[in-house]
Structures are given as structure tokens and as C-alpha cells.
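Student: The structure is given below, and queries will be raised subsequently.
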Amino acid sequence: MGQLPLVTINDSLIEQGNINISGGPSSPYRYRLHHVVVHFGLVANDERGSEHTIDRVRFPAEIQLLAYNTDLYANFTEAMSQSRGLLAVSIIVDLGTVSNTELRKLTVASQSITYKGTKTILKRFNAYGLLPQTQDYITYEGSLTFPGCFETVTWVIMNNPIYITKEDLQIWNDLQQTETKQLSPVLMSPNYRPLKPLNGRLLRTNINIKYKKKS
């Protein structure tokens with residue numbers, strides 16, 4: 001996509017069949033995973049590249065699992081502009097001493113797609129392995145964060161991060177928007193959309209929030 005490293009899920013290459021999401025905020029529909037998108041900031045500037053925040057804290061990167069509604073629509077392209085068309089699971093990525101195993105696989109594969117328009121096949125990838133060790137989330141109805149920004153997305157923001165090393169994050173920073181190494185390099189990073197106001201959107205959560213009683 002030029003400014004986004006994009007993993008497209010090819011159902012025919014998945015031994016277990018389609019990767020479906022149901023229950024929770026997706027109810028009563030079933031959604032099929034179609035894309036994995038990675039957003040990140042510029043490591044050299046200690047830039048935070050997540051498109052969402054937790055407790056107003058922005059993180060170095062964010063992974064988004066994009067799925068389309070198979071109960072109502074035939075494919076991702078049709079669903080992306082239609083009501084209840086998409087479900088997006090947002091996974092916050094923080095710096096750590098060891099990278100998440102599945103994120104590490106994506107990172108290694110990204111070294112084969114340095115330039116715009118290049119592709120590689122990623123085998124033995126488990127999208128579920130990108131999820132953090134929590135069932136807590138925040139959800140809201142919003143839009144895609146890339147053109148055309150359709151207001152058709154149920155967002156699910158996982159409440160805990162997964163981790164990536166600074167060295168691995170730098171590998172993502174090496175990706176370019178230019179098509180060949182002969183051209184003057186134009187880096188893909190940063191590739192996140194600035195934070196947008198909620199504009200009255202309702203946030204919902206399954207987190208048991210305890211309020212302190214006033215004395």
C-alpha cells in the first residue's frame with residue numbers, strides 16, 4: 001500500500017481453514033481475518049507510532065487485525081464501505097528485551113519487502129499468537145485509519161501490549177516507499193495517523209473498573 005506493510009491472509013494456504021472472529025463486540029456476526037497491518041514511528045526520534053493510546057499513553061507501534069463480516073458481505077472490498085462491515089483488533093506494541101514470536105516472523109519477512117510493490121509468502125504464521133495475554137479490551141464504533149476512512153469499523157483495543165526489541169523495530173523503519181534502490185530513498189516511517197478526537201463516540205469495555213468512594 002506504499003505507506004503500510006500489509007499482510008494479506010490467503011485462506012487457501014491456511015491448513016486449519018479460515019481464521020474467524022466471533023463473540024464479544026463482534027456479536028451477532030462472524031468476521032473473517034483478511035489483513036494484518038503494522039504501524040510504527042521513527043526509531044531515531046523515539047517517535048511513538050501507535051494509532052491508539054492506553055491511559056493516554058502512546059506506544060512505539062501498533063498491529064491491526066482487519067476482518068470482514070462474512071454474514072453480510074461476500075468479500076473485504078464490499079464490506080469495507082458498508083455498515084458493520086469490518087472488525088479491527090488493535091494490538092499495542094511496546095519495547096522489550098524479546099520480541100513476540102509471531103511478530104518476529106513478520107519482522108524477518110519484512111526484510112524481503114524493503115521496496116514498494118514487493119511481496120513475499122509467509123508460512124507457518126499464527127495470527128492468534130499476536131494477541132497479548134489478556135481478555136480485557138475497549139471497543140468503539142469508528143473508521144478505517146487509511147483512505148477512504150469509511151465509518152464502518154468496530155474497533156477492539158486490547159488492554160495489554162505485546163513486545164518488540166528496538167533492533168526489530170528498526171528493521172520496520174528500514175522499509176521504503178520507493179520502488180527500487182536506485183531511487184532516492186523515501187522511508188515508510190512514520191506511517192501512523194495522528195490521534196483523532198472521539199467526537200462523542202461511546203467507549204465500551206469488559207474491564208471491571210472499581211471506583212474509589214469519596215470520603
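Ordering of the C-alpha cells sets the chain letters (A, B, ...), residue numbers begin anew at 1 in every chain, and ligands are numbered from 1 in the order given.
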Using DSSP on the backbone coordinates, identify the residues of region 77-182 of chain A assigned to helix (DSSP H, G or I); present them as a PyMOL selection string.

Tutor: chain A and resi 77-79+101-110+127-130+166-173

Student: May I have the residues from that selection written out with C-alpha atoms, as a PDB file, in the first residue's frame?

Tutor:
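selection_38.pdb was written with the following content:
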```pdb
ATOM      1  CA  THR A  77     -13.777  -4.899  -0.632  1.00  0.00           C
ATOM      2  CA  GLU A  78     -17.575  -4.964  -0.423  1.00  0.00           C
ATOM      3  CA  ALA A  79     -17.628  -4.924   3.368  1.00  0.00           C
ATOM      4  CA  THR A 101       7.313 -14.817  18.409  1.00  0.00           C
ATOM      5  CA  GLU A 102       4.775 -14.177  15.642  1.00  0.00           C
ATOM      6  CA  LEU A 103       5.733 -10.514  15.375  1.00  0.00           C
ATOM      7  CA  ARG A 104       9.330 -11.668  14.972  1.00  0.00           C
ATOM      8  CA  LYS A 105       8.229 -13.806  11.995  1.00  0.00           C
ATOM      9  CA  LEU A 106       6.605 -10.742  10.416  1.00  0.00           C
ATOM     10  CA  THR A 107       9.745  -8.715  11.092  1.00  0.00           C
ATOM     11  CA  VAL A 108      12.015 -11.245   9.391  1.00  0.00           C
ATOM     12  CA  ALA A 109       9.629 -11.438   6.411  1.00  0.00           C
ATOM     13  CA  SER A 110       9.602  -7.632   6.131  1.00  0.00           C
ATOM     14  CA  ALA A 127      -2.184 -14.704  13.856  1.00  0.00           C
ATOM     15  CA  TYR A 128      -3.592 -15.697  17.253  1.00  0.00           C
ATOM     16  CA  GLY A 129      -0.032 -15.623  18.590  1.00  0.00           C
ATOM     17  CA  LEU A 130      -0.022 -11.842  18.144  1.00  0.00           C
ATOM     18  CA  LYS A 166      14.396  -1.892  19.460  1.00  0.00           C
ATOM     19  CA  GLU A 167      16.530  -3.747  16.898  1.00  0.00           C
ATOM     20  CA  ASP A 168      13.466  -5.395  15.352  1.00  0.00           C
ATOM     21  CA  LEU A 169      11.568  -2.108  15.306  1.00  0.00           C
ATOM     22  CA  GLN A 170      14.479  -0.593  13.381  1.00  0.00           C
ATOM     23  CA  ILE A 171      14.009  -3.280  10.706  1.00  0.00           C
ATOM     24  CA  TRP A 172      10.473  -1.993  10.135  1.00  0.00           C
ATOM     25  CA  ASN A 173      11.917   1.521   9.943  1.00  0.00           C
TER      26      ASN A 173
END
```

Student: Find the residues of region 43-119 of chain A that sit at most 7 Å from region 182-198 of chain A; for each, write down the nearest two atoms and how far apart they are in Å, to one decimal. Count only C-alpha atoms. Sort by chain, then by number going up, and give it as CSV.

Tutor:
```
residue,atom,partner,partner_atom,distance
A:Gly49,CA,A:Tyr192,CA,5.7
A:Ser50,CA,A:Tyr192,CA,6.7
A:Glu51,CA,A:Tyr192,CA,6.0
```

Student: Since we have the selection now, will you write its residues out, keeping C-alpha atoms, as a tab-separated table (two decimals), in the first residue's frame?

Tutor:
```tsv
chain	number	residue	atom	x	y	z
A	49	GLY	CA	3.73	5.08	16.22
A	50	SER	CA	0.57	3.58	17.72
A	51	GLU	CA	-2.75	4.93	16.48
```

Student: I'd like to know which of A:Gly117, A:Gly200, A:Gly85, A:Pro28 is closest to Tyr140 (chain A), using only C-alpha atoms.

Tutor: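 Closest candidate: A:Gly200.
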
Student: Just want the 10 Å neighbourhood of Glu62 (chain A), counted on only C-alpha atoms, with same-chain residues fewer than 5 positions away dropped. Output as a PyMOL selection string.

Tutor: chain A and resi 37-41+48-53+90-94+161-162+192
